[in-house]
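Participant: This is run.cif, which holds mmCIF, C-alpha atoms:
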data_query
loop_
_atom_site.group_PDB
_atom_site.id
_atom_site.type_symbol
_atom_site.label_atom_id
_atom_site.label_comp_id
_atom_site.auth_asym_id
_atom_site.auth_seq_id
_atom_site.Cartn_x
_atom_site.Cartn_y
_atom_site.Cartn_z
ATOM 1 C CA MET Q 1 6.501 -9.101 -3.862
ATOM 2 C CA LYS Q 2 6.624 -5.883 -1.856
ATOM 3 C CA ILE Q 3 9.604 -3.566 -2.363
ATOM 4 C CA ILE Q 4 10.033 -1.122 0.520
ATOM 5 C CA VAL Q 5 12.511 1.756 0.274
ATOM 6 C CA PRO Q 6 13.295 3.925 3.321
ATOM 7 C CA THR Q 7 14.731 7.100 1.808
ATOM 8 C CA ASN Q 8 15.719 10.662 2.617
ATOM 9 C CA ASN Q 9 18.235 12.863 0.825
ATOM 10 C CA LYS Q 10 19.636 14.098 4.155
ATOM 11 C CA GLY Q 11 22.272 12.033 5.967
ATOM 12 C CA GLY Q 12 22.448 11.088 9.621
ATOM 13 C CA ILE Q 13 18.741 10.485 10.084
ATOM 14 C CA GLY Q 14 18.939 6.752 10.889
ATOM 15 C CA LYS Q 15 17.712 5.489 7.544
ATOM 16 C CA THR Q 16 19.848 2.348 7.658
ATOM 17 C CA LYS Q 17 18.536 1.593 11.142
ATOM 18 C CA VAL Q 18 14.998 1.666 9.744
ATOM 19 C CA SER Q 19 16.050 -0.673 6.920
ATOM 20 C CA ILE Q 20 17.561 -3.091 9.444
ATOM 21 C CA LEU Q 21 14.457 -3.044 11.632
ATOM 22 C CA LEU Q 22 12.177 -3.770 8.686
ATOM 23 C CA ALA Q 23 14.404 -6.538 7.304
ATOM 24 C CA GLU Q 24 14.592 -8.265 10.691
ATOM 25 C CA TYR Q 25 10.940 -7.722 11.537
ATOM 26 C CA PHE Q 26 9.640 -9.320 8.350
ATOM 27 C CA SER Q 27 12.138 -12.207 8.466
ATOM 28 C CA LYS Q 28 12.270 -12.938 12.220
ATOM 29 C CA ILE Q 29 8.826 -11.925 13.441
ATOM 30 C CA LYS Q 30 6.646 -12.499 10.367
ATOM 31 C CA ASN Q 31 8.561 -15.401 8.821
ATOM 32 C CA GLN Q 32 8.584 -13.716 5.432
ATOM 33 C CA ARG Q 33 11.340 -14.402 2.917
ATOM 34 C CA VAL Q 34 13.299 -11.155 2.778
ATOM 35 C CA LEU Q 35 15.936 -9.833 0.400
ATOM 36 C CA ALA Q 36 17.921 -6.896 1.764
ATOM 37 C CA ILE Q 37 19.569 -4.698 -0.877
ATOM 38 C CA ASP Q 38 22.316 -2.206 -0.060
ATOM 39 C CA PHE Q 39 22.267 0.692 -2.515
ATOM 40 C CA ASP Q 40 24.462 2.949 -0.368
ATOM 41 C CA PRO Q 41 28.217 3.108 -1.188
ATOM 42 C CA GLN Q 42 28.887 3.495 2.554
ATOM 43 C CA CYS Q 43 27.920 -0.218 2.851
ATOM 44 C CA ASN Q 44 26.548 0.060 6.408
ATOM 45 C CA PHE Q 45 23.557 -2.184 5.662
ATOM 46 C CA SER Q 46 25.909 -4.824 4.227
ATOM 47 C CA ARG Q 47 28.295 -4.588 7.183
ATOM 48 C CA ARG Q 48 25.407 -5.394 9.498
ATOM 49 C CA TYR Q 49 25.194 -8.923 8.057
ATOM 50 C CA LEU Q 50 28.492 -9.680 6.296
ATOM 51 C CA LYS Q 51 32.195 -9.363 7.065
ATOM 52 C CA MET Q 52 32.879 -6.834 4.339
ATOM 53 C CA GLU Q 53 36.428 -6.421 3.014
ATOM 54 C CA ILE Q 54 38.468 -3.307 2.364
ATOM 55 C CA ASP Q 55 38.552 -2.976 -1.421
ATOM 56 C CA PRO Q 56 42.228 -3.139 -2.527
ATOM 57 C CA ASN Q 57 41.350 -1.096 -5.612
ATOM 58 C CA ALA Q 58 39.562 1.628 -3.638
ATOM 59 C CA THR Q 59 40.831 1.580 -0.055
ATOM 60 C CA GLN Q 60 38.251 4.108 1.108
ATOM 61 C CA GLY Q 61 35.468 1.643 0.318
ATOM 62 C CA TYR Q 62 34.248 -1.877 0.970
ATOM 63 C CA ARG Q 63 33.477 -4.910 -1.139
ATOM 64 C CA PRO Q 64 31.664 -8.151 -0.200
ATOM 65 C CA PRO Q 65 33.561 -11.255 0.904
ATOM 66 C CA ILE Q 66 34.007 -14.238 -1.381
ATOM 67 C CA HIS Q 67 30.620 -15.836 -1.898
ATOM 68 C CA PRO Q 68 30.292 -19.128 0.044
ATOM 69 C CA GLN Q 69 28.964 -20.876 -3.061
ATOM 70 C CA TYR Q 70 32.038 -19.963 -5.132
ATOM 71 C CA ASN Q 71 34.244 -22.899 -6.089
ATOM 72 C CA PRO Q 72 37.394 -21.960 -8.034
ATOM 73 C CA ASN Q 73 37.787 -25.583 -9.095
ATOM 74 C CA ASP Q 74 34.328 -25.734 -10.654
ATOM 75 C CA PRO Q 75 34.432 -25.110 -14.433
ATOM 76 C CA GLU Q 76 31.051 -23.369 -14.166
ATOM 77 C CA ASP Q 77 32.687 -20.724 -11.959
ATOM 78 C CA SER Q 78 35.602 -20.118 -14.293
ATOM 79 C CA ASN Q 79 34.231 -16.755 -15.451
ATOM 80 C CA TRP Q 80 33.417 -15.591 -11.924
ATOM 81 C CA ASP Q 81 35.850 -14.048 -9.449
ATOM 82 C CA GLY Q 82 33.742 -15.171 -6.488
ATOM 83 C CA TYR Q 83 32.430 -11.740 -5.535
ATOM 84 C CA SER Q 84 28.823 -10.682 -5.970
ATOM 85 C CA SER Q 85 27.090 -7.411 -5.201
ATOM 86 C CA ILE Q 86 23.962 -5.537 -6.196
ATOM 87 C CA GLY Q 87 26.248 -3.241 -8.192
ATOM 88 C CA ASP Q 88 26.655 -6.077 -10.694
ATOM 89 C CA ILE Q 89 23.251 -5.193 -12.172
ATOM 90 C CA PHE Q 90 24.852 -2.110 -13.727
ATOM 91 C CA PHE Q 91 27.576 -4.107 -15.448
ATOM 92 C CA GLY Q 92 25.661 -6.999 -17.005
ATOM 93 C CA LYS Q 93 26.574 -9.550 -14.332
ATOM 94 C CA LEU Q 94 24.439 -11.968 -12.341
ATOM 95 C CA VAL Q 95 23.740 -11.231 -8.673
ATOM 96 C CA PHE Q 96 24.001 -14.027 -6.109
ATOM 97 C CA PRO Q 97 22.529 -12.971 -2.736
ATOM 98 C CA TYR Q 98 24.325 -14.034 0.437
ATOM 99 C CA GLN Q 99 22.614 -15.828 3.291
ATOM 100 C CA THR Q 100 22.799 -14.035 6.642
ATOM 101 C CA HIS Q 101 22.799 -15.374 10.202
ATOM 102 C CA ILE Q 102 19.036 -14.764 10.257
ATOM 103 C CA PRO Q 103 16.857 -17.447 8.659
ATOM 104 C CA ASN Q 104 14.716 -16.094 5.779
ATOM 105 C CA LEU Q 105 16.977 -13.048 5.365
ATOM 106 C CA ASP Q 106 19.377 -12.813 2.417
ATOM 107 C CA ILE Q 107 21.342 -9.766 1.328
ATOM 108 C CA ALA Q 108 22.574 -8.446 -2.003
ATOM 109 C CA PRO Q 109 25.418 -6.342 -0.592
ATOM 110 C CA ALA Q 110 26.927 -3.121 -1.795
ATOM 111 C CA HIS Q 111 30.304 -2.796 -3.489
ATOM 112 C CA ALA Q 112 31.282 0.824 -2.961
ATOM 113 C CA ASP Q 113 33.402 1.217 -6.095
ATOM 114 C CA GLN Q 114 30.735 -0.311 -8.348
ATOM 115 C CA LEU Q 115 27.945 1.879 -6.984
ATOM 116 C CA LEU Q 116 30.054 5.020 -7.286
ATOM 117 C CA ALA Q 117 30.926 4.041 -10.862
ATOM 118 C CA ALA Q 118 27.232 3.620 -11.663
ATOM 119 C CA GLU Q 119 26.497 7.083 -10.310
ATOM 120 C CA SER Q 120 29.306 8.608 -12.398
ATOM 121 C CA GLN Q 121 27.674 7.720 -15.737
ATOM 122 C CA THR Q 122 27.067 10.607 -18.097
ATOM 123 C CA ARG Q 123 23.654 12.243 -18.055
ATOM 124 C CA SER Q 124 22.685 10.564 -21.324
ATOM 125 C CA GLU Q 125 23.583 7.115 -19.953
ATOM 126 C CA ILE Q 126 21.855 7.402 -16.571
ATOM 127 C CA GLU Q 127 18.342 6.582 -17.800
ATOM 128 C CA SER Q 128 19.243 3.359 -19.592
ATOM 129 C CA ARG Q 129 22.154 2.144 -17.451
ATOM 130 C CA VAL Q 130 21.083 3.129 -13.921
ATOM 131 C CA HIS Q 131 17.511 4.343 -13.436
ATOM 132 C CA ARG Q 132 15.736 1.210 -14.671
ATOM 133 C CA GLN Q 133 18.200 -1.499 -13.690
ATOM 134 C CA LEU Q 134 16.928 -2.301 -10.195
ATOM 135 C CA HIS Q 135 13.345 -2.503 -11.435
ATOM 136 C CA LEU Q 136 14.425 -4.901 -14.188
ATOM 137 C CA PHE Q 137 16.382 -7.019 -11.692
ATOM 138 C CA LEU Q 138 13.486 -7.245 -9.232
ATOM 139 C CA ASN Q 139 10.958 -7.888 -11.993
ATOM 140 C CA ASP Q 140 12.520 -11.290 -12.648
ATOM 141 C CA GLN Q 141 9.869 -13.967 -12.066
ATOM 142 C CA ALA Q 142 12.240 -16.441 -10.401
ATOM 143 C CA LEU Q 143 13.361 -13.805 -7.914
ATOM 144 C CA GLN Q 144 9.774 -12.780 -7.209
ATOM 145 C CA GLU Q 145 8.952 -16.403 -6.409
ATOM 146 C CA GLU Q 146 11.959 -16.578 -4.063
ATOM 147 C CA TYR Q 147 11.149 -13.557 -1.863
ATOM 148 C CA ASP Q 148 8.095 -11.963 -0.269
ATOM 149 C CA VAL Q 149 9.623 -8.647 0.770
ATOM 150 C CA VAL Q 150 12.567 -6.586 -0.471
ATOM 151 C CA ILE Q 151 14.098 -3.833 1.684
ATOM 152 C CA VAL Q 152 16.367 -1.374 -0.153
ATOM 153 C CA ASP Q 153 18.694 0.888 1.819
ATOM 154 C CA THR Q 154 19.611 4.023 -0.133
ATOM 155 C CA ALA Q 155 22.282 6.690 -0.010
ATOM 156 C CA PRO Q 156 21.448 10.080 1.548
ATOM 157 C CA SER Q 157 20.875 11.805 -1.782
ATOM 158 C CA LYS Q 158 18.454 12.225 -4.666
ATOM 159 C CA GLY Q 159 21.080 10.902 -7.081
ATOM 160 C CA PRO Q 160 20.779 8.160 -9.709
ATOM 161 C CA LEU Q 161 20.921 5.259 -7.237
ATOM 162 C CA THR Q 162 18.125 6.676 -5.111
ATOM 163 C CA VAL Q 163 16.067 7.373 -8.211
ATOM 164 C CA SER Q 164 16.661 3.788 -9.340
ATOM 165 C CA ALA Q 165 15.479 2.466 -5.964
ATOM 166 C CA ILE Q 166 12.349 4.604 -6.037
ATOM 167 C CA LYS Q 167 11.549 3.522 -9.592
ATOM 168 C CA ALA Q 168 11.695 -0.100 -8.428
ATOM 169 C CA ALA Q 169 9.764 0.430 -5.191
ATOM 170 C CA THR Q 170 6.199 -0.476 -4.429
ATOM 171 C CA HIS Q 171 6.340 1.504 -1.161
ATOM 172 C CA ILE Q 172 8.566 4.213 0.291
ATOM 173 C CA ILE Q 173 9.086 5.454 3.833
ATOM 174 C CA ILE Q 174 10.612 8.841 4.656
ATOM 175 C CA PRO Q 175 12.465 8.676 8.001
ATOM 176 C CA SER Q 176 13.572 12.028 9.394
ATOM 177 C CA LEU Q 177 14.954 13.747 12.426
ATOM 178 C CA MET Q 178 12.699 16.476 13.674
ATOM 179 C CA GLU Q 179 15.280 19.153 12.884
ATOM 180 C CA PRO Q 180 15.341 21.908 10.226
ATOM 181 C CA GLN Q 181 17.622 20.420 7.556
ATOM 182 C CA PRO Q 182 16.228 16.860 7.686
ATOM 183 C CA ILE Q 183 12.709 18.285 7.468
ATOM 184 C CA GLN Q 184 13.768 20.085 4.289
ATOM 185 C CA GLY Q 185 14.730 16.628 3.042
ATOM 186 C CA ILE Q 186 11.158 15.435 3.683
ATOM 187 C CA TYR Q 187 9.800 17.955 1.213
ATOM 188 C CA GLY Q 188 12.444 16.995 -1.348
ATOM 189 C CA MET Q 189 11.491 13.333 -1.075
ATOM 190 C CA LEU Q 190 7.770 14.114 -1.264
ATOM 191 C CA GLN Q 191 8.458 15.962 -4.499
ATOM 192 C CA LEU Q 192 10.411 12.987 -5.871
ATOM 193 C CA TRP Q 193 7.590 10.621 -4.855
ATOM 194 C CA MET Q 194 4.927 12.724 -6.586
ATOM 195 C CA GLN Q 195 7.059 13.052 -9.708
ATOM 196 C CA GLU Q 196 7.625 9.290 -9.905
ATOM 197 C CA SER Q 197 3.933 8.584 -9.214
ATOM 198 C CA LEU Q 198 2.917 10.766 -12.156
ATOM 199 C CA ASN Q 199 5.342 8.972 -14.467
ATOM 200 C CA ARG Q 200 4.471 5.408 -13.379
ATOM 201 C CA GLU Q 201 2.748 3.027 -15.727
ATOM 202 C CA VAL Q 202 -0.869 2.226 -14.929
ATOM 203 C CA GLY Q 203 -1.319 -0.616 -12.455
ATOM 204 C CA ARG Q 204 2.017 -0.169 -10.665
ATOM 205 C CA PRO Q 205 1.429 2.559 -8.072
ATOM 206 C CA LEU Q 206 4.108 3.883 -5.742
ATOM 207 C CA GLU Q 207 2.643 4.080 -2.245
ATOM 208 C CA LEU Q 208 3.949 6.384 0.470
ATOM 209 C CA VAL Q 209 3.759 4.503 3.769
ATOM 210 C CA GLY Q 210 4.496 7.704 5.636
ATOM 211 C CA ILE Q 211 6.938 10.075 7.296
ATOM 212 C CA LEU Q 212 8.641 8.476 10.300
ATOM 213 C CA PRO Q 213 9.942 10.713 13.115
ATOM 214 C CA ASN Q 214 13.231 8.978 13.852
ATOM 215 C CA MET Q 215 15.822 9.294 16.624
ATOM 216 C CA PHE Q 216 13.191 11.363 18.393
ATOM 217 C CA ARG Q 217 14.033 13.027 21.708
ATOM 218 C CA GLN Q 218 11.702 14.706 24.142
ATOM 219 C CA ILE Q 219 13.249 18.145 23.664
ATOM 220 C CA ASN Q 220 11.567 21.370 22.602
ATOM 221 C CA LEU Q 221 13.156 21.384 19.135
ATOM 222 C CA HIS Q 222 11.910 17.910 18.211
ATOM 223 C CA ARG Q 223 8.466 18.433 19.708
ATOM 224 C CA ASP Q 224 8.040 21.827 18.015
ATOM 225 C CA MET Q 225 9.190 20.529 14.620
ATOM 226 C CA LEU Q 226 6.843 17.558 14.823
ATOM 227 C CA ASP Q 227 3.948 19.810 15.868
ATOM 228 C CA GLY Q 228 4.702 22.051 12.898
ATOM 229 C CA LEU Q 229 4.489 19.101 10.501
ATOM 230 C CA LYS Q 230 1.228 17.962 12.060
ATOM 231 C CA LYS Q 231 -0.238 21.432 11.502
ATOM 232 C CA ASN Q 232 0.667 21.374 7.802
ATOM 233 C CA PRO Q 233 -2.411 19.974 6.004
ATOM 234 C CA ALA Q 234 -0.328 18.869 3.019
ATOM 235 C CA VAL Q 235 1.940 16.729 5.198
ATOM 236 C CA SER Q 236 0.081 15.803 8.393
ATOM 237 C CA LYS Q 237 -1.824 12.891 6.867
ATOM 238 C CA TYR Q 238 1.462 11.146 6.061
ATOM 239 C CA ILE Q 239 3.048 11.279 9.537
ATOM 240 C CA PHE Q 240 3.445 7.951 11.345
ATOM 241 C CA PRO Q 241 1.393 7.637 14.534
ATOM 242 C CA PHE Q 242 4.562 6.296 16.216
ATOM 243 C CA ASN Q 243 8.134 7.561 16.733
ATOM 244 C CA LEU Q 244 11.457 5.776 17.004
ATOM 245 C CA GLY Q 245 13.388 7.268 19.908
ATOM 246 C CA GLN Q 246 17.114 7.836 20.186
ATOM 247 C CA ARG Q 247 17.702 4.693 22.244
ATOM 248 C CA VAL Q 248 21.049 3.217 23.271
ATOM 249 C CA ALA Q 249 19.713 -0.263 22.473
ATOM 250 C CA PHE Q 250 19.562 0.512 18.741
ATOM 251 C CA ALA Q 251 23.317 1.146 18.736
ATOM 252 C CA GLU Q 252 24.182 -1.697 21.113
ATOM 253 C CA VAL Q 253 22.734 -4.434 18.906
ATOM 254 C CA ASP Q 254 25.008 -3.269 16.056
ATOM 255 C CA ALA Q 255 28.196 -4.106 17.953
ATOM 256 C CA ASP Q 256 30.200 -7.083 16.676
ATOM 257 C CA ASP Q 257 29.966 -8.846 20.029
ATOM 258 C CA ALA Q 258 26.363 -7.823 20.741
ATOM 259 C CA SER Q 259 24.109 -10.257 22.539
ATOM 260 C CA PRO Q 260 21.360 -10.274 21.478
ATOM 261 C CA LYS Q 261 22.072 -9.099 17.944
ATOM 262 C CA SER Q 262 18.568 -7.896 17.127
ATOM 263 C CA ILE Q 263 16.160 -5.463 18.733
ATOM 264 C CA PHE Q 264 13.518 -8.157 18.344
ATOM 265 C CA ASP Q 265 15.433 -10.512 20.640
ATOM 266 C CA LEU Q 266 15.303 -8.067 23.570
ATOM 267 C CA PRO Q 267 12.920 -8.738 26.484
ATOM 268 C CA GLU Q 268 9.246 -8.125 25.786
ATOM 269 C CA GLY Q 269 9.020 -4.975 27.911
ATOM 270 C CA ASP Q 270 12.086 -3.250 26.452
ATOM 271 C CA ILE Q 271 11.109 0.239 25.271
ATOM 272 C CA ALA Q 272 13.246 0.086 22.106
ATOM 273 C CA LYS Q 273 11.663 -3.226 21.129
ATOM 274 C CA LEU Q 274 8.163 -1.877 21.820
ATOM 275 C CA GLU Q 275 8.818 1.161 19.628
ATOM 276 C CA ALA Q 276 10.285 -0.970 16.838
ATOM 277 C CA MET Q 277 7.354 -3.385 16.942
ATOM 278 C CA ALA Q 278 4.807 -0.545 16.814
ATOM 279 C CA VAL Q 279 6.489 1.074 13.812
ATOM 280 C CA CYS Q 280 6.996 -2.207 11.929
ATOM 281 C CA ASP Q 281 3.449 -3.415 12.652
ATOM 282 C CA PHE Q 282 2.168 -0.132 11.207
ATOM 283 C CA VAL Q 283 4.319 -0.576 8.096
ATOM 284 C CA GLU Q 284 3.102 -4.148 7.630
ATOM 285 C CA LYS Q 285 -0.540 -3.095 7.840
ATOM 286 C CA ARG Q 286 -0.024 -0.302 5.317
ATOM 287 C CA VAL Q 287 2.056 -2.376 2.888
ATOM 288 C CA PHE Q 288 -0.185 -5.464 2.943
ATOM 289 C CA ASN Q 289 -3.420 -3.507 3.282
ATOM 290 C CA TYR Q 290 -4.362 -5.124 6.565
ATOM 291 C CA GLU Q 291 -7.167 -3.534 8.574
#
Turn this file's structure into structure tokens for me.
Facilitator:
Amino acid sequence: MKIIVPTNNKGGIGKTKVSILLAEYFSKIKNQRVLAIDFDPQCNFSRRYLKMEIDPNATQGYRPPIHPQYNPNDPEDSNWDGYSSIGDIFFGKLVFPYQTHIPNLDIAPAHADQLLAAESQTRSEIESRVHRQLHLFLNDQALQEEYDVVIVDTAPSKGPLTVSAIKAATHIIIPSLMEPQPIQGIYGMLQLWMQESLNREVGRPLELVGILPNMFRQINLHRDMLDGLKKNPAVSKYIFPFNLGQRVAFAEVDADDASPKSIFDLPEGDIAKLEAMAVCDFVEKRVFNYE
């Protein structure tokens, strides 16, 4: 089972968009069984596929809807309130993924309050209660037999949740705008990747798929920043050979009444679809070691 984590500690760089593209590419185009995991308290990945609810206990955040398999009249469900989120792994509860409208794509959604509570653990508790929990969850044999690919969307930080995602990952991708502050985030994530790689047990490498220029525009700033990265010998070998442009289509398919609802359902010649296919094909080849 491949566990792919798009991550950058800077916000606003389209990381969730990359997670969505990968989840839909592997499930819709490649017919792989995909589990999407939302590790971001903003819950944007979850809201893409579920009708999330305002949390009555934390009105600034969201929680998942009642799980469709929940039956309050079933004695086996008597100790369950009907909600399930990936945050349950931090509190000793079982996680029940939700089916989405896309065949082969399930999601373990975020619950903002739970994820924020996990991040607020004391320093001494973080290692045992947060950092290793996603790896332990995904290391379950039954879950590994259920899914081929896991896509984990992370918060824009290098906090405990992001560290937990990276510790569980088999592969990471670093999306970034070609602008000064996001590029600083690239170097921060490269440092985190190298640190985790050094600490990994033998036989479980953490592969860097690459640095993805995202929301790219044909303006001097973006071109100059990308050229600068390509001239840096320590970084150039990791840069994707493709960009994702700042295309209206990527935003349009997110609308509630969008038709179609996926970039991959657009006409064959659509530029946004062509870019998405090129990037996702590249990721697939790198992740599955295809020539």
Participant: I'd like to see the residues matched by the PyMOL selection byres ((chain Q and resi 186) around 10) on this file, and ideally I'd get them as a list in words.
Facilitator: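 Checking the PyMOL selection byres ((chain Q and resi 186) around 10) against this file, the residues are Thr7, Asn8, Asn9, Lys10, Ile174, Pro175, Ser176, Leu177, Gln181, Pro182, Ile183, Gln184, Gly185, Tyr187, Gly188, Met189, Leu190, Gln191, Leu192, Ile211, Leu212 and Val235 of chain Q.
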Participant: Got a sec: who's within 9 Å of Arg132 in chain Q, counting all atoms listed in the file, leaving out chain neighbours fewer than 5 positions off, as a list in words?
Facilitator: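 Here the qualifying residues turn out to be Ile126, Glu127, Phe137, Val163, Ser164, Ala165, Lys167 and Ala168 of chain Q.
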Participant: Take the PyMOL selection byres ((chain Q and resi 83) around 10), run it mentally on this structure, and tell me the resulting residues as a list in words.
Facilitator: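 After applying the PyMOL selection byres ((chain Q and resi 83) around 10), what remains is Arg63, Pro64, Pro65, Ile66, His67, Pro68, Tyr70, Trp80, Asp81, Gly82, Ser84, Ser85, Asp88, Val95, Phe96 and His111 of chain Q.
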Participant: What is the distance, in Å and to one decimal place, between CA of Tyr62 in chain Q and CA of Pro109 in chain Q?
Facilitator: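 Between CA of Tyr62 in chain Q and CA of Pro109 in chain Q the gap is 10.0 Å.
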Participant: Excluding Val149 in chain Q and residues on its chain fewer than 6 positions from it, collect all residues at most 9 Å away from it, counting all atoms listed in the file, and give them as a CSV table (one decimal) with C-alpha atoms, keeping the file's coordinate frame.
Facilitator:
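Heads up, here's the output in selection-v9.csv:
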chain,number,residue,atom,x,y,z
Q,1,MET,CA,6.5,-9.1,-3.9
Q,2,LYS,CA,6.6,-5.9,-1.9
Q,3,ILE,CA,9.6,-3.6,-2.4
Q,4,ILE,CA,10.0,-1.1,0.5
Q,23,ALA,CA,14.4,-6.5,7.3
Q,26,PHE,CA,9.6,-9.3,8.4
Q,27,SER,CA,12.1,-12.2,8.5
Q,32,GLN,CA,8.6,-13.7,5.4
Q,33,ARG,CA,11.3,-14.4,2.9
Q,34,VAL,CA,13.3,-11.2,2.8
Q,35,LEU,CA,15.9,-9.8,0.4
Q,36,ALA,CA,17.9,-6.9,1.8
Participant: Which one is closest to Gly61 in chain Q: Q:Asn44, Q:Asn104, Q:Gln144, Q:Asn232? Count only C-alpha atoms.
Facilitator: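 Of Q:Asn44, Q:Asn104, Q:Gln144, Q:Asn232, the one nearest Gly61 in chain Q is Q:Asn44, counting only C-alpha atoms.
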Participant: Got a sec to resolve the PyMOL selection byres ((chain Q and resi 173) around 12) on this structure and send the residues as a PDB file with C-alpha atoms, keeping the file's coordinate frame?
Facilitator:
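So part39.pdb came out as:
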ATOM      1  CA  ILE Q   3       9.604  -3.566  -2.363  1.00  0.00           C
ATOM      2  CA  ILE Q   4      10.033  -1.122   0.520  1.00  0.00           C
ATOM      3  CA  VAL Q   5      12.511   1.756   0.274  1.00  0.00           C
ATOM      4  CA  PRO Q   6      13.295   3.925   3.321  1.00  0.00           C
ATOM      5  CA  THR Q   7      14.731   7.100   1.808  1.00  0.00           C
ATOM      6  CA  ASN Q   8      15.719  10.662   2.617  1.00  0.00           C
ATOM      7  CA  LYS Q  15      17.712   5.489   7.544  1.00  0.00           C
ATOM      8  CA  THR Q  16      19.848   2.348   7.658  1.00  0.00           C
ATOM      9  CA  VAL Q  18      14.998   1.666   9.744  1.00  0.00           C
ATOM     10  CA  SER Q  19      16.050  -0.673   6.920  1.00  0.00           C
ATOM     11  CA  LEU Q  22      12.177  -3.770   8.686  1.00  0.00           C
ATOM     12  CA  ILE Q 151      14.098  -3.833   1.684  1.00  0.00           C
ATOM     13  CA  VAL Q 152      16.367  -1.374  -0.153  1.00  0.00           C
ATOM     14  CA  ASP Q 153      18.694   0.888   1.819  1.00  0.00           C
ATOM     15  CA  THR Q 154      19.611   4.023  -0.133  1.00  0.00           C
ATOM     16  CA  ILE Q 166      12.349   4.604  -6.037  1.00  0.00           C
ATOM     17  CA  ALA Q 169       9.764   0.430  -5.191  1.00  0.00           C
ATOM     18  CA  THR Q 170       6.199  -0.476  -4.429  1.00  0.00           C
ATOM     19  CA  HIS Q 171       6.340   1.504  -1.161  1.00  0.00           C
ATOM     20  CA  ILE Q 172       8.566   4.213   0.291  1.00  0.00           C
ATOM     21  CA  ILE Q 174      10.612   8.841   4.656  1.00  0.00           C
ATOM     22  CA  PRO Q 175      12.465   8.676   8.001  1.00  0.00           C
ATOM     23  CA  SER Q 176      13.572  12.028   9.394  1.00  0.00           C
ATOM     24  CA  ILE Q 186      11.158  15.435   3.683  1.00  0.00           C
ATOM     25  CA  MET Q 189      11.491  13.333  -1.075  1.00  0.00           C
ATOM     26  CA  LEU Q 190       7.770  14.114  -1.264  1.00  0.00           C
ATOM     27  CA  TRP Q 193       7.590  10.621  -4.855  1.00  0.00           C
ATOM     28  CA  LEU Q 206       4.108   3.883  -5.742  1.00  0.00           C
ATOM     29  CA  GLU Q 207       2.643   4.080  -2.245  1.00  0.00           C
ATOM     30  CA  LEU Q 208       3.949   6.384   0.470  1.00  0.00           C
ATOM     31  CA  VAL Q 209       3.759   4.503   3.769  1.00  0.00           C
ATOM     32  CA  GLY Q 210       4.496   7.704   5.636  1.00  0.00           C
ATOM     33  CA  ILE Q 211       6.938  10.075   7.296  1.00  0.00           C
ATOM     34  CA  LEU Q 212       8.641   8.476  10.300  1.00  0.00           C
ATOM     35  CA  PRO Q 213       9.942  10.713  13.115  1.00  0.00           C
ATOM     36  CA  ASN Q 214      13.231   8.978  13.852  1.00  0.00           C
ATOM     37  CA  TYR Q 238       1.462  11.146   6.061  1.00  0.00           C
ATOM     38  CA  ILE Q 239       3.048  11.279   9.537  1.00  0.00           C
ATOM     39  CA  PHE Q 240       3.445   7.951  11.345  1.00  0.00           C
ATOM     40  CA  VAL Q 279       6.489   1.074  13.812  1.00  0.00           C
ATOM     41  CA  CYS Q 280       6.996  -2.207  11.929  1.00  0.00           C
ATOM     42  CA  PHE Q 282       2.168  -0.132  11.207  1.00  0.00           C
ATOM     43  CA  VAL Q 283       4.319  -0.576   8.096  1.00  0.00           C
ATOM     44  CA  GLU Q 284       3.102  -4.148   7.630  1.00  0.00           C
ATOM     45  CA  ARG Q 286      -0.024  -0.302   5.317  1.00  0.00           C
ATOM     46  CA  VAL Q 287       2.056  -2.376   2.888  1.00  0.00           C
TER      47      VAL Q 287
END
Participant: Identify which of the residues Q:Lys273, Q:Leu161, Q:Ser262, Q:Arg48 lies closest to Thr100 in chain Q, counting all atoms listed in the file when measuring atom-to-atom distances.
Facilitator: Q:Arg48
Participant: Looking at all atoms listed in the file, which of Q:Thr59, Q:Gln246, Q:Ser78, Q:Val130 is the one that sits closest to Gly159 in chain Q?
Facilitator: Q:Val130
Participant: Quick one, how far is CA of Asp55 in chain Q from CA of Gln114 in chain Q?
Facilitator: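 If I compute the distance from CA of Asp55 in chain Q to CA of Gln114 in chain Q, I get 10.8 Å.
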Participant: Of the candidates Q:Gly92, Q:Lys231, Q:Phe216, Q:Ala258, which shows the shortest atom-to-atom distance to Ala272 in chain Q, using all atoms listed in the file?
Facilitator: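 Looking at the shortest contact to Ala272 in chain Q, the residue is Q:Phe216.
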Participant: Take CA of Asp256 in chain Q and CA of Ala58 in chain Q and report the distance between them in Å, one decimal.
Facilitator: 24.0 Å
Participant: Pick out the closest residue to Gly12 in chain Q from this set: Q:Glu119, Q:Glu179, Q:Glu146, Q:Asp77. Count all atoms listed in the file.
Facilitator: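 Of all the options, Q:Glu179 lies closest to Gly12 in chain Q.
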Participant: Report, as lines of an AutoDock Vina configuration file, the centre and edge lengths in Å (one decimal) of the axis-aligned box enclosing every listed atom of range 142-147 of chain Q, padded by 3 Å on each side.
Facilitator:
center_x = 11.2
center_y = -14.7
center_z = -6.1
size_x = 10.4
size_y = 9.8
size_z = 14.5
Participant: For a quick check of understanding, using only C-alpha atoms, which of Q:Arg204, Q:Lys30, Q:Lys261, Q:Lys158 has the smallest distance to His135 in chain Q?
Facilitator: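 Counting only C-alpha atoms, the residue closest to His135 in chain Q is Q:Arg204.
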Participant: I'd like the contact shell of Ser46 in chain Q - 7 Å cut-off, only C-alpha atoms, skipping same-chain residues fewer than 3 positions apart - returned as a list in words.
Facilitator: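 My reading of the contact set: Asp38, Cys43, Tyr49, Leu50, Pro109 and Ala110 of chain Q.
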